[in-house]
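J.: Pasting a structure below so you can have a look.
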There are 2 protein chains.
Amino acid sequence: MFEMKERSGLGRIGELRTNHGVVETPALMPVVNPSNLVITPKDLARQFGIQILITNAYIIWKSELRQRFLDDGLHRALDFEGPIMTDSGAFQQHVYGRVDVSNEDIVRYQVALGADLGTVLDVFSEPDDKRRLCEEAVEETLRRSRDAVEWGEGMGLVGTVQGGLHMDLREYCARGLAELPMRVHAIGGVVPLMEAYRFTDLIDVIVASKKGLRPDRPVHLFGAGHPVTFGLAVLLGCDLFDSAAYVKYAQDGRMITRWGTTKVDELAYVSCNCPACHSASPKELQEDVGRLAQHNLYVSLQELEELKQAIHEGSLWEHVERRCRAHPSLLDALKGLRDHVGFLERYESLVGGTLFYTGPESVWRPVAYRFRQRMLKRYSPPRAEGVLILPEGARPYTRTYSNTLRDLFQKADAHAVVRSVFGPVPVELDSVYPIAQSVIPSDLDLEAVEASEVLLREFLRRGYFSVGILWEGEATIDELASKAPGPTAVDMDMQKCQAIANYQFGPGAADALLEGKVEFVKSKKTKKIRNVFVDGEHVLSLRARDGLFTMKLAGGKRLHGALRPPKLRVVVNEESAPLNREGKNVFAKFVVDCDDDIRPLDEVLVVDGDDELVAIGRALMNREEMRAFERGMAVRVREGSRLP
Amino acid sequence: MFEMKERSGLGRIGELRTNHGVVETPALMPVVNPSNLVITPKDLARQFGIQILITNAYIIWKSELRQRFLDDGLHRALDFEGPIMTDSGAFQQHVYGRVDVSNEDIVRYQVALGADLGTVLDVFSEPDDKRRLCEEAVEETLRRSRDAVEWGEGMGLVGTVQGGLHMDLREYCARGLAELPMRVHAIGGVVPLMEAYRFTDLIDVIVASKKGLRPDRPVHLFGAGHPVTFGLAVLLGCDLFDSAAYVKYAQDGRMITRWGTTKVDELAYVSCNCPACHSASPKELQEDVGRLAQHNLYVSLQELEELKQAIHEGSLWEHVERRCRAHPSLLDALKGLRDHVGFLERYESLVGGTLFYTGPESVWRPVAYRFRQRMLKRYSPPRAEGVLILPEGARPYTRTYSNTLRDLFQKADAHAVVRSVFGPVPVELDSVYPIAQSVIPSDLDLEAVEASEVLLREFLRRGYFSVGILWEGEATIDELASKAPGPTAVDMDMQKCQAIANYQFGPGAADALLEGKVEFVKSKKTKKIRNVFVDGEHVLSLRARDGLFTMKLAGGKRLHGALRPPKLRVVVNEESAPLNREGKNVFAKFVVDCDDDIRPLDEVLVVDGDDELVAIGRALMNREEMRAFERGMAVRVREGSRLP
């Protein structure tokens with residue numbers, strides 16, 4: 001069983017339950033070779049805090065240790081109390097052309113060893129294998145996986161996605177495996193990609209596999225042991241890694257860094273502060289393979305801790321974008337994520353941490369893509385004669401600037417949009433995440449400027465406006481007002497609430513929420529809208545943090561009446577509905593279905609099978625996740641319909 | 001005395017000699033407050049390897065410790081055996097409007113304390129101070145610095161550059177200080193810049209100051225204690241930093257990371273492996289200010305060790321470019337370096353490590369700028385009817401590709417240039433550093449593509465060619481040959497040597513070096529030119545590593561005869577010449593002058609005052625450095641003219 005504890009898009013901190021305890025993911029499983037223990041399993045646990053190991057059942061089976069391991073069991077033989085995953089020999093089968101064992105033999109052997117997670121003997125494809133060959137490998141892998149279900153009973157079965165570089169085959173294979181009762185899925189056939197720095201291919205393979213797999217099972221990226229790849233892989237939803245690299249690199253005289261490797265004989269300064277390095281001279285590291293292996297493991301684990309902290313604090317994208325400067329091929333892969341932004345956006349939370357621009361790639365993050373999509377699809381500007389296009393500014397969202405905008409906007413009968421690297425931002429949406437929560441350089445990359453320009457043109461082409469005025473910061477407000485058709489009084493607060501409501505809940509939401517006598521309660525200090533009352537009922541609150549609404553039950557009722565199913569709905573079963581009515585949270589296992597447009601942290605309507613409103617709250621998952629997960633919260637309920 | 005041990009551009013690893021021992025730079029001087037020792041000086045030395053401390057003489061003078069410190073001396077009072085620098089109260093004077101001490105008092109007090117380095121009471125300017133105010137501050141600072149020379153005798157005097165954001169004043173102040181007998185120079189008035197993330201202003205200030213200062217004195221960046229700024233500062237030639245930040249941030253509950261700071265109460269995972277953090281939980285760090293301060297110091301020192309290793313291995317630019325992704329304001333500063341590329345290029349070595357592209361800024365590194373400059377100024381293409389423009393390719397310099405180029409080139413009477421992010425590369429120069437030694441992504445930033453296009457147009461505008469053929473990879477070689485005026489036999493080896501010789505040594509060099517019967521000795525394995533003999537004499541060797549020539553004495557004689565002084569010359573005094581004739585290296589203190597176009601690692605002619613050739617070798621410094629340094633090697637001599 002796997003549960004998601006914290007998330008950032010597809011990236012997640014999870015808990016994987018096994019017969020030998022719980023593993024926090026993302027986790028690195030050190031590869032242990034029983035015939036050559038560079039660091040003993042006991043030390044891995046004690047000194048490095050390793051929770052889970054991986055070892056190769058086929059190599060044990062082939063060796064003189066075969067019987068002893070059977071007799072003692074894997075855990076006693078390795079002297080390790082935590083969970084152990086075993087591999088099946090698929091890689092050896094590929095490298096040496098054959099293995100001396102059948103799928104049945106090796107699966108049964110893994111069960112007999114007492115492995116917590118054991119792997120089907122899948123069929124490995126090379127990246128450049130032709131389609132026909134890959135198809136055969138995928139079909140054979142699926143056949144063997146189906147067979148293994150019976151033989152592997154009692155053990156957590158690991159089924160590996162193959163398919164070479166044929167993305168439809170990857171997805172097909174993943175989908176087939178997802179239907180089987182397995183505990184973990186692995187992505188295989190990727191070592192040759194990593195060895196050749198083909199990181200763009202790697203991310204394509206991960207995404208295709210993730211599309212076919214179920215979100216409630218952890219994904220293991222087979223053979224990814226260098227921390228330079230962890231960031232991209234975690235961002236794309238990989239949960240488990242295995243590393244023989246810490247030993248292999250050490251034996252090859254190479255020190256792993258989070259930017260690559262350094263040959264120890266080129267080391268003049270030891271900058272690492274890990275327990276293995278801290279007091280070491282370059283010479284001491286050069287002469288001590290064991291110490292170097294320890295360093296390599298420490299630095300690999302450190303990267304995962306940094307990734308977990310980044311998920312926790314909402315800075316995963318920044319972290320990964322920085323790490324991808326380690327090598328131009330990683331930078332290519334980072335740029336390649338743009339091709340998958342539609343898929344990534346489905347898993348990306350509505351709001352997150354401050355967005356720090358790190359380069360032209362930042363403009364294509366899922367949250368920026370979503371802003372543009374929702375703005376173009378859901379937002380309709382107020383009627384006005386003209387559009388006032390305000391200059392691209394590095395930090396146009398300061399308070400001073402906004403006041404200027406407001407003045408401009410009120411004096412001219414023109415609708416104002418601000419150029420930004422995220423595309424044109426209607427002035428009513430200028431406090432919405434991530435617009436006001438982003439830090440952009442003054443000196444923009446040409447690519448970001450071009451993106452901004454293209455998006456602006458697309459916005460203008462929609463033909464909302466009959467007049468366009470470009471303000472490049474030269475004209476005074478009065479001059480602008482005189483150029484515009486003429487001043488009228490506009491209710492900025494109302495327009496702002498309308499725009500945000502439609503942006504956040506979809507077209508029609510503003511009309512439903514704001515029909516009647518609207519009153520705003522404002523912050524005394526900031527003068528910003530805090531609460532919205534309609535006909536005396538508290539309908540919405542506006543969050544200062546991210547510029548979006550929190551829905552109140554009264555607001556939920558209005559939306560429920562106006563928007564047709566499945567809009568904003570999370571449908572729960574009969575078991576759950578009465579509890580949710582009383583304000584209890586919605587757990588994923590009770591969710592029947594939900595609106596496909598719901599994203600984590602969206603405000604939602606919880607309804608029963610008859611579309612009766614039972615509660616309102618905040619989603620923690622998207623549709624795929626709510627339907628798949630057996631554990632974990634799907635909606636944090638704010639108010640049940642049965643008021644206390 | 002200061003000596004440069006290793007370098008990367010203005011960035012350097014140096015040794016600063018003091019009365020209490022040698023300090024390796026770049027170095028961080030922890031700020032020690034004698035009234036509140038969070039980490040004792042003894043522990044700073046023992047546990048952190050701190051070589052040099054800084055403390056504030058004015059604060060001691062003001063406190064009850066004044067007399068005790070005088071009686072005991074600074075080193076005994078602080079219980080620290082290494083060198084100690086003292087500050088003068090200039091910052092306090094600025095913050096509180098006045099200090100209760102005169103310049104004479106505080107300089108003499110520092111001498112009396114036994115400070116190894118003591119600071120003049122300079123006059124601080126705020127970044128936004130008007131010119132007149134800054135002028136006065138600069139003049140007063142210079143006056144006080146001149147006065148202090150006498151009072152500060154026996155102590156290493158530190159003179160601080162002021163001038164606010166008036167760059168000419170900064171340079172003027174620096175120039176004035178450089179004329180005085182001082183040991184170290186500081187750059188002051190920068191704390192407000194760093195506090196406000198005004199990093200573009202910061203780099204402008206550092207560059208303006210460095211332009212006026214002498215390269216043989218270490219430069220201290222006053223108040224730069226956060227490691228996020230170390231990279232840029234070291235890249236621009238700062239050698240000393242002081243940090244109160246490690247304590248201040250800890251007291252404020254903030255953990256320093258190399259990407260910024262994290263509030264300890266937002267810490268869910270401790271990813272740091274330093275001795276203070278390694279076995280700590282977030283809670284333990286949250287509750288222990290001392291432990292947090294230790295972490296903050298460890299991580300700050302770690303950044304300097306990484307910077308030293310980066311200088312050592314030639315990856316300083318990559319390191320800094322990556323670090324500047326920590327914040328958009330740092331990215332602005334990184335882009336701002338382009339404005340200073342002419343100055344930076346003077347200090348940049350001819351060759352270095354593999355150039356890894358990290359973003360559009362990489363295209364404007366000094367080595368790329370130099371390539372373009374030398375190519376445009378020194379290279380003249382062979383006579384041909386047309387120019388064949390080969391497509392921008394991510395990695396056009398592979399062997400396969402070069403062979404294709406060669407074929408094309410030989411079949412068509414067209415001169416071939418390849419588009420690259422560094423500008424057009426004539427095919428003869430395609431193995432020269434950094435062209436063949438760079439790793440560029442496949443998917444180029446628009447900015448890099450545009451740069452490439454602009455530079456190509458500039459090249460073509462020079463009008464060398466009457467026909468331009470653009471090959472976009474569609475046409476076959478035969479088609480291309482048929483479009484070109486007609487095949488002729490050209491001597492690629494000869495053209496290549498001519499082009500490289502002129503590129504490396506200047507126009508006219510090829511004619512001088514290659515006049516006569518030319519023979520090439522080639523590598524049996526790679527078939528590449530290794531040695532060039534002319535009329536039976538070994539004139540040049542071509543280095544496989546960087547595609548440039550190593551000069552032999554016979555070649556040096558030819559260049560000496562053909563190129564007029566000061567071209568390629570390093571002029572040594574009478575004391576040095578006889579030694580260099582015998583093959584001994586040239587030390588900077590004996591250099592009279594040298595060619596302004598010489599860059600570190602350029603091949604040079606060592607001559608005496610009468611322009612007699614005494615040796616040939618490789619420069620390790622540029623002109624400013626050779627003229628300034630009293631210690632260190634200026635030219636590594638390969639052959640003296642008096643052959644053994």
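Labels used: A, B, ... for chains in the order of the structure tokens, numbers from 1 for residues in each chain, and numbers from 1 for ligands as shown.
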Skip B:Ser271 itself and residues of its chain fewer than 2 positions away, then list as an mmCIF file with N, CA, C and O atoms, in the first residue's frame all residues within 9 Å of it, counting only C-alpha atoms.

T.:
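Wrote it out as out_6.cif, contents follow:
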```cif
data_model
loop_
_atom_site.group_PDB
_atom_site.id
_atom_site.type_symbol
_atom_site.label_atom_id
_atom_site.label_comp_id
_atom_site.auth_asym_id
_atom_site.auth_seq_id
_atom_site.Cartn_x
_atom_site.Cartn_y
_atom_site.Cartn_z
ATOM 1 N N LEU A 301 22.113 10.587 -1.144
ATOM 2 C CA LEU A 301 21.002 10.682 -0.199
ATOM 3 C C LEU A 301 20.659 12.145 0.097
ATOM 4 O O LEU A 301 19.499 12.509 0.246
ATOM 5 N N GLN A 302 21.697 12.959 0.134
ATOM 6 C CA GLN A 302 21.497 14.388 0.394
ATOM 7 C C GLN A 302 20.594 15.018 -0.666
ATOM 8 O O GLN A 302 19.711 15.810 -0.356
ATOM 9 N N GLU A 303 20.813 14.620 -1.923
ATOM 10 C CA GLU A 303 19.982 15.163 -2.993
ATOM 11 C C GLU A 303 18.511 14.806 -2.778
ATOM 12 O O GLU A 303 17.626 15.630 -2.991
ATOM 13 N N LEU A 304 18.256 13.577 -2.332
ATOM 14 C CA LEU A 304 16.858 13.196 -2.074
ATOM 15 C C LEU A 304 16.262 13.982 -0.912
ATOM 16 O O LEU A 304 15.088 14.365 -0.956
ATOM 17 N N GLU A 305 17.062 14.238 0.116
ATOM 18 C CA GLU A 305 16.550 15.050 1.229
ATOM 19 C C GLU A 305 16.253 16.465 0.738
ATOM 20 O O GLU A 305 15.249 17.061 1.116
ATOM 21 N N GLU A 306 17.120 16.997 -0.097
ATOM 22 C CA GLU A 306 16.865 18.340 -0.640
ATOM 23 C C GLU A 306 15.589 18.341 -1.471
ATOM 24 O O GLU A 306 14.815 19.296 -1.445
ATOM 25 N N LEU A 307 15.381 17.271 -2.223
ATOM 26 C CA LEU A 307 14.168 17.185 -3.035
ATOM 27 C C LEU A 307 12.925 17.109 -2.153
ATOM 28 O O LEU A 307 11.905 17.731 -2.451
ATOM 29 N N LYS A 308 13.030 16.366 -1.059
ATOM 30 C CA LYS A 308 11.868 16.275 -0.166
ATOM 31 C C LYS A 308 11.573 17.633 0.464
ATOM 32 O O LYS A 308 10.423 18.066 0.524
ATOM 33 N N GLN A 309 12.619 18.313 0.896
ATOM 34 C CA GLN A 309 12.418 19.654 1.464
ATOM 35 C C GLN A 309 11.823 20.584 0.400
ATOM 36 O O GLN A 309 10.948 21.398 0.684
ATOM 37 N N TYR B 269 13.009 18.588 6.450
ATOM 38 C CA TYR B 269 14.079 17.621 6.207
ATOM 39 C C TYR B 269 15.416 18.328 6.339
ATOM 40 O O TYR B 269 15.576 19.448 5.862
ATOM 41 N N ASN B 273 24.791 17.687 5.264
ATOM 42 C CA ASN B 273 25.619 16.636 5.839
ATOM 43 C C ASN B 273 26.759 17.174 6.684
ATOM 44 O O ASN B 273 27.675 16.439 7.027
ATOM 45 N N CYS B 277 24.934 19.432 11.234
ATOM 46 C CA CYS B 277 23.595 18.991 10.819
ATOM 47 C C CYS B 277 23.447 17.496 10.721
ATOM 48 O O CYS B 277 22.332 16.972 10.812
ATOM 49 N N HIS B 278 24.546 16.800 10.466
ATOM 50 C CA HIS B 278 24.431 15.443 9.940
ATOM 51 C C HIS B 278 23.424 14.573 10.690
ATOM 52 O O HIS B 278 22.573 13.942 10.093
#
```

J.: Taking only C-alpha atoms into account, what are the residues of chain B at most 9 Å from chain A, put as a VMD selection string?

T.: chain B and resid 266 to 275 278 298 to 299 301 to 309 312 to 313 318 321 to 332 335 to 336 356 to 360 439 to 447 450

J.: Do you know which residues are at most 7 Å from stretch 210-224 of chain A counting only C-alpha atoms, after dropping those on the same chain fewer than 4 positions away, and could you put them as a list in words?

T.: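 Everything that qualifies: Phe2, Glu171, Tyr172, Ala174, Arg175, Ala178, Arg183, Val184, His185, Ala186, Ile187, Gly188, Val191, Ile206, Cys238, Asp239, Leu240, Phe241, Asp242, Ser243, Glu625, Ala628 and Phe629 of chain A.
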
J.: What lies within 12 Å of B:Gly176 using only C-alpha atoms, ignoring chain neighbours under 5 positions off, as a count of residues only?

T.: 24

J.: Give me the residues near stretch 523-529 of chain A as number ranges by chain, where near means some atom within 10 Å (using only C-alpha atoms) and where sequence neighbours in that chain fewer than 2 positions away do not count.

T.: A: 493, 496-497, 519-521, 531-532, 541-544, 547

J.: Any idea what the distance is between atom CA of B:Val570 and atom CA of B:Val592?

T.: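 Separating atom CA of B:Val570 from atom CA of B:Val592 is a distance of 7.8 Å.
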
J.: Of the residues B:Gly97, B:Gly342, B:Gly118, B:Pro192, which is the one nearest to B:Trp364, using only C-alpha atoms?

T.: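 So, comparing all the options, the nearest one is B:Gly342.
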
J.: I want to know what sits within 9 Å of A:Leu455, based on only C-alpha atoms, with residues of the same chain fewer than 5 positions away left out; could you give that as a PyMOL selection string?

T.: chain A and resi 372+421-424+450+460

J.: Deliver the residues from the most recent selection as a file, using N, CA, C and O atoms, as a CSV table (one decimal), in the first residue's frame.

T.:
```csv
chain,number,residue,atom,x,y,z
A,372,ARG,N,-2.4,30.7,-18.3
A,372,ARG,CA,-2.8,31.2,-19.6
A,372,ARG,C,-4.0,30.4,-20.1
A,372,ARG,O,-4.9,31.0,-20.7
A,421,VAL,N,5.7,37.9,-18.6
A,421,VAL,CA,6.3,36.7,-19.2
A,421,VAL,C,5.3,35.5,-19.2
A,421,VAL,O,5.5,34.5,-19.9
A,422,PHE,N,4.3,35.6,-18.4
A,422,PHE,CA,3.2,34.6,-18.4
A,422,PHE,C,2.2,34.9,-19.4
A,422,PHE,O,1.1,34.2,-19.5
A,423,GLY,N,2.3,35.9,-20.2
A,423,GLY,CA,1.3,36.3,-21.2
A,423,GLY,C,0.6,37.5,-20.6
A,423,GLY,O,1.0,38.0,-19.5
A,424,PRO,N,-0.4,38.0,-21.3
A,424,PRO,CA,-1.1,39.3,-20.9
A,424,PRO,C,-1.9,38.9,-19.6
A,424,PRO,O,-2.5,37.9,-19.5
A,450,GLU,N,9.8,36.9,-26.2
A,450,GLU,CA,9.0,36.5,-27.4
A,450,GLU,C,7.8,35.8,-26.9
A,450,GLU,O,6.7,36.0,-27.5
A,460,LEU,N,-5.1,39.3,-28.1
A,460,LEU,CA,-5.7,40.5,-28.8
A,460,LEU,C,-6.4,40.0,-30.0
A,460,LEU,O,-7.5,40.5,-30.4
```

J.: From a DSSP calculation on the backbone, collect every residue of stretch 484-629 of chain B in helix (DSSP H, G or I) and output the set as a PyMOL selection string.

T.: chain B and resi 492-505+509-513+553-562+577-581+588-590+623-628

J.: Any chance you could export the current selection's C-alpha atoms as a PDB file, in the first residue's frame?

T.:
```pdb
ATOM      1  CA  MET B 492      43.736  21.961 -46.045  1.00  0.00           C
ATOM      2  CA  ASP B 493      46.639  21.320 -43.682  1.00  0.00           C
ATOM      3  CA  MET B 494      48.435  24.416 -44.855  1.00  0.00           C
ATOM      4  CA  GLN B 495      45.325  26.555 -44.676  1.00  0.00           C
ATOM      5  CA  LYS B 496      44.592  25.290 -41.226  1.00  0.00           C
ATOM      6  CA  CYS B 497      48.071  26.105 -39.945  1.00  0.00           C
ATOM      7  CA  GLN B 498      47.957  29.537 -41.530  1.00  0.00           C
ATOM      8  CA  ALA B 499      44.597  30.298 -39.995  1.00  0.00           C
ATOM      9  CA  ILE B 500      45.553  29.119 -36.520  1.00  0.00           C
ATOM     10  CA  ALA B 501      48.910  30.916 -36.606  1.00  0.00           C
ATOM     11  CA  ASN B 502      47.304  34.241 -37.479  1.00  0.00           C
ATOM     12  CA  TYR B 503      44.488  33.655 -34.996  1.00  0.00           C
ATOM     13  CA  GLN B 504      46.932  32.892 -32.220  1.00  0.00           C
ATOM     14  CA  PHE B 505      49.855  35.229 -32.913  1.00  0.00           C
ATOM     15  CA  ALA B 509      52.474  35.404 -38.172  1.00  0.00           C
ATOM     16  CA  ALA B 510      51.551  32.683 -40.647  1.00  0.00           C
ATOM     17  CA  ASP B 511      53.711  34.170 -43.402  1.00  0.00           C
ATOM     18  CA  ALA B 512      56.684  34.417 -41.062  1.00  0.00           C
ATOM     19  CA  LEU B 513      56.302  30.973 -39.548  1.00  0.00           C
ATOM     20  CA  LEU B 553      62.559  28.461 -30.450  1.00  0.00           C
ATOM     21  CA  ALA B 554      62.918  28.300 -34.226  1.00  0.00           C
ATOM     22  CA  GLY B 555      59.348  29.517 -34.535  1.00  0.00           C
ATOM     23  CA  GLY B 556      59.987  32.212 -31.958  1.00  0.00           C
ATOM     24  CA  LYS B 557      62.926  33.482 -33.980  1.00  0.00           C
ATOM     25  CA  ARG B 558      60.791  33.729 -37.077  1.00  0.00           C
ATOM     26  CA  LEU B 559      58.067  35.634 -35.215  1.00  0.00           C
ATOM     27  CA  HIS B 560      60.627  37.865 -33.555  1.00  0.00           C
ATOM     28  CA  GLY B 561      62.044  38.773 -36.918  1.00  0.00           C
ATOM     29  CA  ALA B 562      58.724  39.417 -38.572  1.00  0.00           C
ATOM     30  CA  ALA B 577      67.840  38.116 -19.190  1.00  0.00           C
ATOM     31  CA  PRO B 578      70.941  35.951 -18.713  1.00  0.00           C
ATOM     32  CA  LEU B 579      68.976  33.484 -16.591  1.00  0.00           C
ATOM     33  CA  ASN B 580      66.130  33.296 -19.082  1.00  0.00           C
ATOM     34  CA  ARG B 581      68.645  32.717 -21.879  1.00  0.00           C
ATOM     35  CA  ALA B 588      57.132  39.069 -12.550  1.00  0.00           C
ATOM     36  CA  LYS B 589      59.384  41.350 -10.559  1.00  0.00           C
ATOM     37  CA  PHE B 590      61.933  41.338 -13.390  1.00  0.00           C
ATOM     38  CA  ARG B 623      50.353  43.013 -18.806  1.00  0.00           C
ATOM     39  CA  GLU B 624      48.771  44.605 -15.729  1.00  0.00           C
ATOM     40  CA  GLU B 625      49.795  41.622 -13.641  1.00  0.00           C
ATOM     41  CA  MET B 626      53.339  41.313 -14.938  1.00  0.00           C
ATOM     42  CA  ARG B 627      53.921  44.973 -14.148  1.00  0.00           C
ATOM     43  CA  ALA B 628      52.372  44.849 -10.700  1.00  0.00           C
TER      44      ALA B 628
END
```
